[in-house]
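Participant: This is input_28.csv, which holds CSV, C-alpha atoms:
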chain,number,residue,atom,x,y,z
A,1,MET,CA,0.9,-1.8,-1.1
A,2,SER,CA,2.4,-5.1,0.2
A,3,GLY,CA,4.8,-6.0,3.0
A,4,PRO,CA,5.3,-4.8,6.6
A,5,ALA,CA,3.6,-1.6,7.7
A,6,ALA,CA,5.7,0.9,9.8
A,7,GLY,CA,2.8,2.7,11.3
A,8,PRO,CA,-1.0,2.6,11.5
A,9,ILE,CA,-2.7,1.8,8.2
A,10,VAL,CA,-5.6,4.2,7.6
A,11,VAL,CA,-8.8,3.3,5.8
A,12,GLY,CA,-11.6,5.7,5.1
A,13,GLY,CA,-11.5,9.3,6.4
A,14,ALA,CA,-13.4,12.5,7.4
A,15,PRO,CA,-16.2,13.3,7.5
A,16,GLY,CA,-17.1,9.6,7.6
A,17,ILE,CA,-15.7,6.5,9.3
A,18,GLU,CA,-11.9,6.4,9.6
A,19,LEU,CA,-10.2,3.2,10.7
A,20,HIS,CA,-6.6,2.8,11.9
A,21,VAL,CA,-5.1,-0.7,11.9
A,22,LEU,CA,-1.7,-1.9,13.2
A,23,ALA,CA,0.1,-4.7,11.5
A,24,THR,CA,0.9,-6.2,14.9
A,25,GLY,CA,-2.0,-8.5,15.5
A,26,ALA,CA,-4.0,-6.9,12.6
A,27,THR,CA,-5.2,-4.7,15.4
A,28,VAL,CA,-7.9,-2.0,15.3
A,29,GLN,CA,-6.2,1.0,16.9
A,30,ARG,CA,-8.7,3.7,16.3
A,31,LEU,CA,-12.2,3.8,14.8
A,32,LEU,CA,-13.6,7.3,14.3
A,33,VAL,CA,-17.3,7.3,13.8
A,34,PRO,CA,-19.9,10.2,13.4
A,35,GLY,CA,-22.1,9.9,16.5
A,36,GLY,CA,-25.8,10.3,16.8
A,37,ASP,CA,-25.1,13.8,18.2
A,38,GLY,CA,-23.2,14.7,15.0
A,39,VAL,CA,-19.8,14.6,16.8
A,40,ARG,CA,-17.1,12.3,15.3
A,41,ARG,CA,-15.3,10.4,18.0
A,42,ASP,CA,-13.1,7.3,18.5
A,43,VAL,CA,-15.4,4.4,19.7
A,44,VAL,CA,-12.8,1.7,20.5
A,45,LEU,CA,-10.1,1.3,23.0
A,46,GLY,CA,-6.7,1.6,21.3
A,47,LEU,CA,-3.1,1.0,22.2
A,48,PRO,CA,-0.2,3.3,21.1
A,49,ASP,CA,1.8,0.9,19.0
A,50,GLY,CA,2.8,-2.6,18.2
A,51,ASP,CA,5.0,-2.8,21.3
A,52,ALA,CA,2.1,-2.0,23.5
A,53,VAL,CA,0.0,-4.6,21.7
A,54,ARG,CA,2.6,-7.4,22.3
A,55,ALA,CA,3.1,-6.4,25.9
A,56,GLY,CA,-0.6,-6.2,26.7
A,57,SER,CA,-2.7,-8.8,28.3
A,58,ALA,CA,-6.2,-7.8,27.2
A,59,TYR,CA,-5.9,-8.4,23.4
A,60,VAL,CA,-7.1,-4.8,22.8
A,61,GLY,CA,-8.4,-4.6,19.2
A,62,SER,CA,-6.4,-7.6,17.9
A,63,ILE,CA,-7.3,-10.6,15.8
A,64,VAL,CA,-7.0,-13.6,18.1
A,65,GLY,CA,-6.4,-17.3,17.2
A,66,ARG,CA,-5.8,-19.9,16.1
A,67,TYR,CA,-8.6,-20.6,18.6
A,68,ALA,CA,-10.4,-17.7,20.1
A,69,ASN,CA,-11.6,-18.2,23.6
A,70,ARG,CA,-10.6,-21.3,25.7
A,71,VAL,CA,-9.5,-24.8,25.1
A,72,ALA,CA,-9.7,-26.8,28.4
A,73,HIS,CA,-6.3,-27.8,29.9
A,74,GLY,CA,-4.7,-26.9,26.5
A,75,ARG,CA,-5.6,-30.3,25.1
A,76,PHE,CA,-7.8,-31.6,22.3
A,77,THR,CA,-8.0,-34.7,20.1
A,78,LEU,CA,-8.4,-34.5,16.3
A,79,ASP,CA,-8.9,-37.7,14.2
A,80,GLY,CA,-7.7,-39.8,17.1
A,81,VAL,CA,-4.5,-37.8,17.6
A,82,GLY,CA,-4.0,-35.8,20.8
A,83,HIS,CA,-2.5,-32.3,20.7
A,84,GLU,CA,-1.0,-30.2,23.5
A,85,LEU,CA,-1.3,-26.3,23.5
A,86,PRO,CA,0.4,-23.9,25.8
A,87,VAL,CA,-1.7,-22.8,28.8
A,88,ASN,CA,-1.9,-19.1,29.7
A,89,ASP,CA,-5.2,-18.7,31.6
A,90,ARG,CA,-5.8,-20.5,34.9
A,91,GLY,CA,-4.4,-23.8,33.5
A,92,HIS,CA,-6.2,-23.4,30.1
A,93,HIS,CA,-5.4,-22.3,26.6
A,94,LEU,CA,-6.8,-18.8,25.8
A,95,HIS,CA,-6.9,-16.9,22.4
A,96,GLY,CA,-4.1,-18.9,20.8
A,97,GLY,CA,-1.8,-18.9,23.8
A,98,PRO,CA,0.8,-16.4,25.0
A,99,ASP,CA,2.3,-16.0,21.5
A,100,GLY,CA,-1.0,-16.1,19.6
A,101,PHE,CA,-1.9,-14.3,16.4
A,102,HIS,CA,-2.3,-11.0,18.4
A,103,THR,CA,1.4,-10.9,18.9
A,104,ARG,CA,2.4,-11.5,15.3
A,105,GLU,CA,3.4,-9.1,12.6
A,106,TRP,CA,0.9,-9.5,9.8
A,107,ARG,CA,1.8,-8.6,6.2
A,108,VAL,CA,-0.2,-6.1,4.3
A,109,VAL,CA,-1.3,-7.6,1.0
A,110,GLN,CA,-3.7,-4.9,-0.2
A,111,HIS,CA,-4.5,-1.4,0.9
A,112,ASP,CA,-6.6,1.3,-0.8
A,113,ASP,CA,-8.8,4.2,0.4
A,114,ASP,CA,-11.6,1.9,1.6
A,115,ALA,CA,-10.0,-1.4,2.6
A,116,VAL,CA,-6.9,-3.1,3.9
A,117,GLU,CA,-6.1,-6.8,3.9
A,118,LEU,CA,-3.4,-8.5,6.0
A,119,GLU,CA,-2.0,-12.0,5.9
A,120,LEU,CA,-0.4,-14.3,8.4
A,121,LEU,CA,1.3,-17.7,7.9
A,122,SER,CA,1.1,-19.9,10.9
A,123,PRO,CA,3.4,-23.0,10.4
A,124,ALA,CA,2.5,-26.5,11.2
A,125,GLY,CA,3.1,-27.1,14.9
A,126,ASP,CA,2.7,-23.4,15.8
A,127,ALA,CA,1.7,-23.3,19.5
A,128,GLY,CA,1.0,-27.1,19.1
A,129,TYR,CA,-1.6,-26.8,16.4
A,130,PRO,CA,-1.5,-29.2,13.5
A,131,GLY,CA,-1.2,-28.1,9.9
A,132,GLU,CA,0.1,-24.9,8.3
A,133,LEU,CA,-2.6,-22.2,8.4
A,134,ARG,CA,-2.7,-19.3,6.0
A,135,VAL,CA,-4.9,-16.5,7.5
A,136,ARG,CA,-6.3,-13.3,6.1
A,137,ALA,CA,-8.0,-10.4,7.8
A,138,ARG,CA,-9.8,-7.8,5.6
A,139,TYR,CA,-11.3,-4.6,6.9
A,140,GLU,CA,-13.6,-2.6,4.6
A,141,VAL,CA,-15.1,0.8,5.4
A,142,GLY,CA,-18.5,1.9,4.1
A,143,GLU,CA,-20.7,4.9,4.7
A,144,ASP,CA,-21.9,3.7,8.0
A,145,VAL,CA,-20.3,0.2,8.4
A,146,VAL,CA,-17.0,-1.5,8.9
A,147,VAL,CA,-16.8,-5.1,7.5
A,148,LEU,CA,-14.3,-7.6,9.0
A,149,THR,CA,-13.8,-10.7,6.9
A,150,LEU,CA,-11.5,-13.5,8.3
A,151,SER,CA,-10.5,-16.4,6.2
A,152,ALA,CA,-8.1,-19.3,6.5
A,153,THR,CA,-6.9,-22.4,4.6
A,154,THR,CA,-4.8,-25.4,5.8
A,155,ASP,CA,-2.6,-28.2,4.4
A,156,ALA,CA,-3.6,-30.6,7.2
A,157,PRO,CA,-6.7,-31.1,9.5
A,158,THR,CA,-6.7,-28.5,12.3
A,159,ILE,CA,-9.0,-26.4,14.4
A,160,VAL,CA,-9.8,-22.7,13.7
A,161,ASN,CA,-11.9,-20.1,15.5
A,162,LEU,CA,-10.9,-16.5,14.8
A,163,THR,CA,-12.4,-13.2,16.0
A,164,GLY,CA,-11.7,-9.5,16.4
A,165,HIS,CA,-11.2,-8.4,20.0
A,166,SER,CA,-12.2,-4.8,19.9
A,167,TYR,CA,-13.4,-3.1,23.1
A,168,TRP,CA,-16.3,-0.6,22.5
A,169,ASN,CA,-16.9,2.6,24.2
A,170,LEU,CA,-19.3,4.7,22.1
A,171,ALA,CA,-18.9,7.8,24.3
A,172,GLY,CA,-15.1,7.9,23.7
A,173,THR,CA,-14.6,7.8,27.5
A,174,LEU,CA,-13.4,5.2,29.9
A,175,ASP,CA,-16.8,4.4,31.4
A,176,THR,CA,-19.4,2.1,29.8
A,177,SER,CA,-21.8,2.0,32.7
A,178,ALA,CA,-24.5,4.0,30.8
A,179,HIS,CA,-24.3,1.9,27.6
A,180,VAL,CA,-27.3,-0.2,26.9
A,181,LEU,CA,-26.8,-3.7,25.5
A,182,ARG,CA,-29.2,-6.1,23.8
A,183,VAL,CA,-28.2,-9.6,22.7
A,184,PRO,CA,-31.1,-11.7,21.2
A,185,ALA,CA,-29.8,-15.0,22.5
A,186,PRO,CA,-32.2,-17.5,24.1
A,187,THR,CA,-29.3,-19.7,25.4
A,188,TYR,CA,-25.8,-19.3,26.9
A,189,ARG,CA,-22.9,-21.6,28.0
A,190,PRO,CA,-22.5,-21.9,31.8
A,191,VAL,CA,-18.9,-21.9,32.8
A,192,ASP,CA,-16.7,-22.8,35.8
A,193,ASP,CA,-14.4,-20.3,37.6
A,194,ALA,CA,-11.9,-20.6,34.8
A,195,GLY,CA,-14.3,-19.9,32.0
A,196,ILE,CA,-14.6,-23.5,30.8
A,197,PRO,CA,-18.2,-24.6,29.8
A,198,THR,CA,-19.9,-26.9,32.2
A,199,ALA,CA,-22.9,-27.6,29.9
A,200,GLY,CA,-24.2,-27.1,26.4
A,201,PRO,CA,-26.8,-24.5,25.4
A,202,THR,CA,-28.8,-23.5,28.5
A,203,PRO,CA,-31.8,-21.2,28.6
A,204,VAL,CA,-31.1,-17.6,29.7
A,205,ASP,CA,-34.6,-17.2,31.1
A,206,GLY,CA,-34.4,-16.2,34.8
A,207,THR,CA,-30.6,-15.8,34.7
A,208,ALA,CA,-28.2,-12.9,34.8
A,209,PHE,CA,-27.4,-13.7,31.2
A,210,ASP,CA,-30.8,-12.8,29.7
A,211,LEU,CA,-30.0,-9.8,27.4
A,212,GLN,CA,-32.9,-10.3,25.1
A,213,ALA,CA,-34.3,-7.0,26.3
A,214,PRO,CA,-32.0,-4.0,26.5
A,215,ARG,CA,-30.1,-3.6,29.8
A,216,ARG,CA,-27.7,-1.0,31.1
A,217,LEU,CA,-24.2,-2.4,31.6
A,218,GLU,CA,-24.1,-1.0,35.1
A,219,GLU,CA,-27.0,-3.3,36.0
A,220,LEU,CA,-25.1,-6.4,34.8
A,221,ALA,CA,-22.8,-8.6,36.9
A,222,PHE,CA,-19.4,-9.4,35.5
A,223,LEU,CA,-19.8,-11.0,32.1
A,224,ASP,CA,-17.3,-13.1,30.2
A,225,HIS,CA,-19.7,-15.6,28.7
A,226,HIS,CA,-20.8,-17.0,25.3
A,227,LEU,CA,-24.4,-16.4,24.2
A,228,ASP,CA,-25.9,-18.6,21.5
A,229,VAL,CA,-27.5,-16.1,19.2
A,230,GLY,CA,-27.6,-18.7,16.4
A,231,GLU,CA,-30.6,-20.3,18.0
A,232,ALA,CA,-32.5,-17.1,18.2
A,233,ASP,CA,-35.5,-16.2,16.1
A,234,THR,CA,-34.0,-12.8,15.3
A,235,VAL,CA,-33.4,-10.5,12.4
A,236,VAL,CA,-31.4,-12.1,9.6
A,237,ASP,CA,-29.8,-10.2,6.7
A,238,GLY,CA,-28.8,-12.7,4.0
A,239,THR,CA,-26.2,-14.9,5.7
A,240,LEU,CA,-25.7,-12.5,8.6
A,241,ARG,CA,-27.6,-12.4,11.9
A,242,LEU,CA,-28.0,-9.6,14.3
A,243,LEU,CA,-25.8,-10.6,17.3
A,244,ALA,CA,-25.9,-7.4,19.4
A,245,GLU,CA,-27.1,-3.8,19.7
A,246,LEU,CA,-25.2,-1.4,21.9
A,247,ASP,CA,-26.6,2.1,22.6
A,248,GLU,CA,-24.9,5.1,24.2
A,249,PRO,CA,-27.6,7.5,25.4
A,250,THR,CA,-25.4,10.6,26.0
A,251,THR,CA,-24.0,10.6,22.4
A,252,GLY,CA,-27.1,9.1,20.8
A,253,THR,CA,-24.9,6.5,19.1
A,254,ARG,CA,-25.8,2.9,18.2
A,255,LEU,CA,-23.6,0.0,17.2
A,256,GLN,CA,-25.1,-3.1,15.7
A,257,VAL,CA,-22.9,-6.3,15.4
A,258,TRP,CA,-24.0,-8.6,12.6
A,259,SER,CA,-22.2,-11.8,11.8
A,260,ASP,CA,-22.4,-15.3,10.3
A,261,GLN,CA,-21.0,-16.8,13.5
A,262,PRO,CA,-23.3,-18.8,15.8
A,263,GLY,CA,-22.6,-16.9,19.0
A,264,LEU,CA,-21.1,-13.9,20.8
A,265,GLN,CA,-18.7,-13.8,23.7
A,266,VAL,CA,-19.6,-10.8,25.8
A,267,TYR,CA,-16.8,-9.5,28.1
A,268,THR,CA,-17.5,-6.4,30.2
A,269,GLY,CA,-13.8,-5.6,30.8
A,270,GLU,CA,-13.6,-5.9,34.6
A,271,ALA,CA,-10.0,-7.2,34.5
A,272,PHE,CA,-8.5,-3.9,33.3
A,273,ASP,CA,-6.5,-2.7,36.3
A,274,GLY,CA,-4.8,0.5,35.0
A,275,SER,CA,-1.5,-1.2,34.0
A,276,GLU,CA,-2.2,-0.6,30.3
A,277,LYS,CA,-2.6,2.9,28.8
A,278,ASP,CA,-4.4,3.9,25.7
A,279,LEU,CA,-3.4,6.2,22.9
A,280,ARG,CA,-4.1,9.3,25.0
A,281,GLY,CA,-2.1,8.0,27.9
A,282,ARG,CA,-5.2,7.2,30.0
A,283,PRO,CA,-5.0,4.1,32.2
A,284,LEU,CA,-7.4,1.4,31.1
A,285,VAL,CA,-9.6,0.6,34.2
A,286,SER,CA,-12.3,-1.8,35.0
A,287,GLY,CA,-15.4,-1.4,32.8
A,288,CYS,CA,-13.7,1.0,30.4
A,289,GLY,CA,-14.9,-1.0,27.3
A,290,VAL,CA,-17.0,-4.0,26.4
A,291,ALA,CA,-15.9,-6.7,24.0
A,292,LEU,CA,-18.5,-8.2,21.6
A,293,GLU,CA,-16.7,-11.2,19.9
A,294,PRO,CA,-18.5,-13.3,17.3
A,295,GLN,CA,-17.2,-16.8,17.4
A,296,LEU,CA,-17.7,-20.5,18.2
A,297,PRO,CA,-18.4,-21.5,21.8
A,298,PRO,CA,-15.4,-22.0,24.0
A,299,ASP,CA,-13.8,-25.5,24.2
A,300,SER,CA,-15.8,-26.6,21.1
A,301,PRO,CA,-12.8,-28.9,20.0
A,302,ASN,CA,-13.4,-31.0,23.1
A,303,HIS,CA,-17.1,-31.5,22.2
A,304,GLU,CA,-16.7,-32.4,18.5
A,305,GLY,CA,-19.7,-34.3,17.3
A,306,GLU,CA,-21.9,-33.5,20.3
A,307,ALA,CA,-25.3,-32.0,19.9
A,308,GLY,CA,-25.3,-28.3,20.3
A,309,TRP,CA,-21.6,-27.9,19.6
A,310,PRO,CA,-20.5,-26.5,16.2
A,311,SER,CA,-17.4,-28.0,14.6
A,312,ALA,CA,-14.2,-26.1,14.8
A,313,VAL,CA,-12.4,-28.5,12.4
A,314,LEU,CA,-10.9,-27.2,9.1
A,315,ARG,CA,-9.6,-29.6,6.5
A,316,PRO,CA,-7.4,-29.3,3.4
A,317,GLY,CA,-9.5,-28.1,0.4
A,318,GLU,CA,-11.9,-26.2,2.7
A,319,THR,CA,-11.8,-22.4,3.5
A,320,TYR,CA,-12.7,-21.1,6.9
A,321,ARG,CA,-14.7,-17.8,6.7
A,322,ALA,CA,-16.1,-15.5,9.3
A,323,ARG,CA,-17.7,-12.2,8.4
A,324,THR,CA,-18.7,-9.5,10.9
A,325,GLU,CA,-20.2,-6.1,10.2
A,326,TRP,CA,-20.1,-3.2,12.7
A,327,ARG,CA,-23.1,-1.0,11.6
A,328,PHE,CA,-23.5,2.5,13.1
A,329,ALA,CA,-26.6,4.6,13.5
A,330,ALA,CA,-28.4,6.9,15.8
A,331,ALA,CA,-29.4,5.3,19.1
A,332,GLY,CA,-33.0,4.0,18.9
A,333,ALA,CA,-32.9,3.7,15.1
A,334,PRO,CA,-34.8,0.8,13.6
A,335,THR,CA,-32.9,-2.5,13.2
A,336,ARG,CA,-31.5,-2.8,9.7
Turn this file's structure into structure tokens for me.

Facilitator:
Amino acid sequence: MSGPAAGPIVVGGAPGIELHVLATGATVQRLLVPGGDGVRRDVVLGLPDGDAVRAGSAYVGSIVGRYANRVAHGRFTLDGVGHELPVNDRGHHLHGGPDGFHTREWRVVQHDDDAVELELLSPAGDAGYPGELRVRARYEVGEDVVVLTLSATTDAPTIVNLTGHSYWNLAGTLDTSAHVLRVPAPTYRPVDDAGIPTAGPTPVDGTAFDLQAPRRLEELAFLDHHLDVGEADTVVDGTLRLLAELDEPTTGTRLQVWSDQPGLQVYTGEAFDGSEKDLRGRPLVSGCGVALEPQLPPDSPNHEGEAGWPSAVLRPGETYRARTEWRFAAAGAPTR
């Protein structure tokens, strides 16, 4: 199968994991997973169709880029040349801008029972970014795992930071307050009121951002922060690192987020105000889902070369790759 997709693309199926993907934004629309209680349920927030994805403001389930998270004042310098990006969040550039990758129609280049791969061509100058960028997003479904592989190549130096923006609710409801989250990150990035980092890696000890021990989401203050899991002495599986564990006690379901990315943006979804509705027509309200986004730290392009800041630069001849695995198990199961 190759070309535009008219409706959701389905990968996997009953009685196991079943994933529905929209070509708009390469968006995860549904993810049916057998729970720890034996019940199969949808564990992500999902929008009805591509029109709803384009009209939305919360990036529900989409691939975001070219640069996930924020670039301060929509400006960065690369190889001595300044670049201007559109601002769409309190005077800053967020998730690729108002017409970022989440709004685009991706082309299906491969689809079978267990995988789908989509491609997007972003021309040079797109949203102010230099270089033509060819991007692929591949979703693969296994027995108890979904693998998301993002890759990109360019014909001129540019910056890249891609991630999936799914919101998780392991109970299949619109309330995550009982969910229990652990992120084994010893440092985080303090930010100002607009989400722009004010410092490099900062110890989480004694702060509200210490999630090294499991905490219920209802106990946390509003979170939209980057946690540096790459510095943690945590479980590593080959090139992948455990970034987060999310448990839902009523269903007995656990999600583990593994990735090769150095950090995780945790967003607890307080900005949902009911203006967007999900697949079942339910208004999406504050705290209805939690986003766990593996990525580089926000505003990294403006800290190129500084200690504690990974590079976001991609050059011709190189391939950007980011791999994330969503692993499912019964809550309380051993880390694997």

Participant: I'd like a table as JSON lines: residues in range 162-273 of chain A with an atom no more than 12 Å from range 314-325 of chain A, each row giving the shortest atom pair and its distance in Å to one decimal, only C-alpha atoms counted, sorted by chain and rising residue number.

Facilitator:
{"residue": "A:Leu162", "atom": "CA", "partner": "A:Ala322", "partner_atom": "CA", "distance": 7.6}
{"residue": "A:Thr163", "atom": "CA", "partner": "A:Ala322", "partner_atom": "CA", "distance": 8.0}
{"residue": "A:Gly164", "atom": "CA", "partner": "A:Thr324", "partner_atom": "CA", "distance": 8.9}
{"residue": "A:His165", "atom": "CA", "partner": "A:Thr324", "partner_atom": "CA", "distance": 11.8}
{"residue": "A:Asp237", "atom": "CA", "partner": "A:Glu325", "partner_atom": "CA", "distance": 11.0}
{"residue": "A:Gly238", "atom": "CA", "partner": "A:Arg323", "partner_atom": "CA", "distance": 12.0}
{"residue": "A:Thr239", "atom": "CA", "partner": "A:Arg323", "partner_atom": "CA", "distance": 9.3}
{"residue": "A:Leu240", "atom": "CA", "partner": "A:Thr324", "partner_atom": "CA", "distance": 8.0}
{"residue": "A:Arg241", "atom": "CA", "partner": "A:Thr324", "partner_atom": "CA", "distance": 9.4}
{"residue": "A:Leu242", "atom": "CA", "partner": "A:Glu325", "partner_atom": "CA", "distance": 9.5}
{"residue": "A:Leu243", "atom": "CA", "partner": "A:Thr324", "partner_atom": "CA", "distance": 9.6}
{"residue": "A:Ala244", "atom": "CA", "partner": "A:Glu325", "partner_atom": "CA", "distance": 10.9}
{"residue": "A:Glu245", "atom": "CA", "partner": "A:Glu325", "partner_atom": "CA", "distance": 12.0}
{"residue": "A:Leu255", "atom": "CA", "partner": "A:Glu325", "partner_atom": "CA", "distance": 9.9}
{"residue": "A:Gln256", "atom": "CA", "partner": "A:Glu325", "partner_atom": "CA", "distance": 8.0}
{"residue": "A:Val257", "atom": "CA", "partner": "A:Glu325", "partner_atom": "CA", "distance": 5.9}
{"residue": "A:Trp258", "atom": "CA", "partner": "A:Glu325", "partner_atom": "CA", "distance": 5.1}
{"residue": "A:Ser259", "atom": "CA", "partner": "A:Thr324", "partner_atom": "CA", "distance": 4.3}
{"residue": "A:Asp260", "atom": "CA", "partner": "A:Arg323", "partner_atom": "CA", "distance": 5.9}
{"residue": "A:Gln261", "atom": "CA", "partner": "A:Ala322", "partner_atom": "CA", "distance": 6.6}
{"residue": "A:Pro262", "atom": "CA", "partner": "A:Ala322", "partner_atom": "CA", "distance": 10.2}
{"residue": "A:Gly263", "atom": "CA", "partner": "A:Thr324", "partner_atom": "CA", "distance": 11.6}
{"residue": "A:Leu264", "atom": "CA", "partner": "A:Thr324", "partner_atom": "CA", "distance": 11.1}

Participant: Within 6 Å of range 16-25 of chain A, which residues of range 79-138 of chain A show up? Give each one with its shortest atom-to-atom distance in Å (one decimal) and the two atoms involved, counting all atoms listed in the file, rows by chain then rising residue number, as a tab-separated table.

Facilitator:
residue	atom	partner	partner_atom	distance
A:Phe101	CA	A:Gly25	CA	5.9
A:His102	CA	A:Gly25	CA	3.8
A:Thr103	CA	A:Gly25	CA	5.4
A:Arg104	CA	A:Gly25	CA	5.3
A:Glu105	CA	A:Thr24	CA	4.5
A:Trp106	CA	A:Ala23	CA	5.2

Participant: For CA of Arg254 in chain A and CA of Gly56 in chain A, quote the distance in Å rounded to one decimal.

Facilitator: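 Interatomic distance here is 28.1 Å.
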
Participant: If you count only C-alpha atoms, which residues fall within 6 Å of range 280-297 of chain A, apart from same-chain ones fewer than 6 positions away, as JSON, numbers by chain?

Facilitator: {"A": [166, 167, 168, 169, 174, 175, 176, 261, 263, 264, 265, 266, 267, 268, 269, 270, 271, 272, 273, 274]}

Participant: For the selection you just gave me, I'd like the residues written to a file as an mmCIF file, in the coordinates of the input, keeping C-alpha atoms.

Facilitator:
data_model
loop_
_atom_site.group_PDB
_atom_site.id
_atom_site.type_symbol
_atom_site.label_atom_id
_atom_site.label_comp_id
_atom_site.auth_asym_id
_atom_site.auth_seq_id
_atom_site.Cartn_x
_atom_site.Cartn_y
_atom_site.Cartn_z
ATOM 1 C CA SER A 166 -12.200 -4.800 19.900
ATOM 2 C CA TYR A 167 -13.400 -3.100 23.100
ATOM 3 C CA TRP A 168 -16.300 -0.600 22.500
ATOM 4 C CA ASN A 169 -16.900 2.600 24.200
ATOM 5 C CA LEU A 174 -13.400 5.200 29.900
ATOM 6 C CA ASP A 175 -16.800 4.400 31.400
ATOM 7 C CA THR A 176 -19.400 2.100 29.800
ATOM 8 C CA GLN A 261 -21.000 -16.800 13.500
ATOM 9 C CA GLY A 263 -22.600 -16.900 19.000
ATOM 10 C CA LEU A 264 -21.100 -13.900 20.800
ATOM 11 C CA GLN A 265 -18.700 -13.800 23.700
ATOM 12 C CA VAL A 266 -19.600 -10.800 25.800
ATOM 13 C CA TYR A 267 -16.800 -9.500 28.100
ATOM 14 C CA THR A 268 -17.500 -6.400 30.200
ATOM 15 C CA GLY A 269 -13.800 -5.600 30.800
ATOM 16 C CA GLU A 270 -13.600 -5.900 34.600
ATOM 17 C CA ALA A 271 -10.000 -7.200 34.500
ATOM 18 C CA PHE A 272 -8.500 -3.900 33.300
ATOM 19 C CA ASP A 273 -6.500 -2.700 36.300
ATOM 20 C CA GLY A 274 -4.800 0.500 35.000
#

Participant: Given the choices A:Ile9, A:Val44, A:Pro310, A:Arg70, which gets closest to Asp192 in chain A if the distance is worked out from only C-alpha atoms?

Facilitator: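 The shortest atom-to-atom distance to Asp192 in chain A comes from A:Arg70.
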
Participant: Record the distance separating CA of Leu279 in chain A and CA of Arg182 in chain A, expressed in Å with one decimal.

Facilitator: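 Interatomic distance, CA of Leu279 in chain A to CA of Arg182 in chain A: 28.6 Å.
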
Participant: Can you work out which one of A:Ala124, A:Val87, A:Ala137, A:Leu150 has the shortest atom-to-atom distance to Val109 in chain A, counting only C-alpha atoms?

Facilitator: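 So, comparing all the options, the nearest one is A:Ala137.
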
Participant: What's around Thr77 in chain A at 12 Å? Count all atoms listed in the file, leave out sequence neighbours fewer than 2 positions away in its own chain, and write the answer as a list in words.

Facilitator: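 Counting all atoms listed in the file, the residues come to Val71, Ala72, Gly74, Arg75, Asp79, Gly80, Val81, Gly82, His83, Glu84, Leu85, Gly128, Tyr129, Pro130, Pro157, Thr158, Ile159, Asp299, Ser300, Pro301, Asn302, His303, Glu304, Ala312 and Val313 of chain A.
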
Participant: Dump C-alpha atoms for the selected residues as a PDB file, keeping the file's coordinate frame?

Facilitator:
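Printed below is part-v3.pdb as written:
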ATOM      1  CA  VAL A  71      -9.500 -24.800  25.100  1.00  0.00           C
ATOM      2  CA  ALA A  72      -9.700 -26.800  28.400  1.00  0.00           C
ATOM      3  CA  GLY A  74      -4.700 -26.900  26.500  1.00  0.00           C
ATOM      4  CA  ARG A  75      -5.600 -30.300  25.100  1.00  0.00           C
ATOM      5  CA  ASP A  79      -8.900 -37.700  14.200  1.00  0.00           C
ATOM      6  CA  GLY A  80      -7.700 -39.800  17.100  1.00  0.00           C
ATOM      7  CA  VAL A  81      -4.500 -37.800  17.600  1.00  0.00           C
ATOM      8  CA  GLY A  82      -4.000 -35.800  20.800  1.00  0.00           C
ATOM      9  CA  HIS A  83      -2.500 -32.300  20.700  1.00  0.00           C
ATOM     10  CA  GLU A  84      -1.000 -30.200  23.500  1.00  0.00           C
ATOM     11  CA  LEU A  85      -1.300 -26.300  23.500  1.00  0.00           C
ATOM     12  CA  GLY A 128       1.000 -27.100  19.100  1.00  0.00           C
ATOM     13  CA  TYR A 129      -1.600 -26.800  16.400  1.00  0.00           C
ATOM     14  CA  PRO A 130      -1.500 -29.200  13.500  1.00  0.00           C
ATOM     15  CA  PRO A 157      -6.700 -31.100   9.500  1.00  0.00           C
ATOM     16  CA  THR A 158      -6.700 -28.500  12.300  1.00  0.00           C
ATOM     17  CA  ILE A 159      -9.000 -26.400  14.400  1.00  0.00           C
ATOM     18  CA  ASP A 299     -13.800 -25.500  24.200  1.00  0.00           C
ATOM     19  CA  SER A 300     -15.800 -26.600  21.100  1.00  0.00           C
ATOM     20  CA  PRO A 301     -12.800 -28.900  20.000  1.00  0.00           C
ATOM     21  CA  ASN A 302     -13.400 -31.000  23.100  1.00  0.00           C
ATOM     22  CA  HIS A 303     -17.100 -31.500  22.200  1.00  0.00           C
ATOM     23  CA  GLU A 304     -16.700 -32.400  18.500  1.00  0.00           C
ATOM     24  CA  ALA A 312     -14.200 -26.100  14.800  1.00  0.00           C
ATOM     25  CA  VAL A 313     -12.400 -28.500  12.400  1.00  0.00           C
TER      26      VAL A 313
END

Participant: State, in Å with one decimal place, the distance from CA of Gly61 in chain A to CA of Gln29 in chain A.

Facilitator: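 We find that CA of Gly61 in chain A and CA of Gln29 in chain A lie 6.4 Å from each other.
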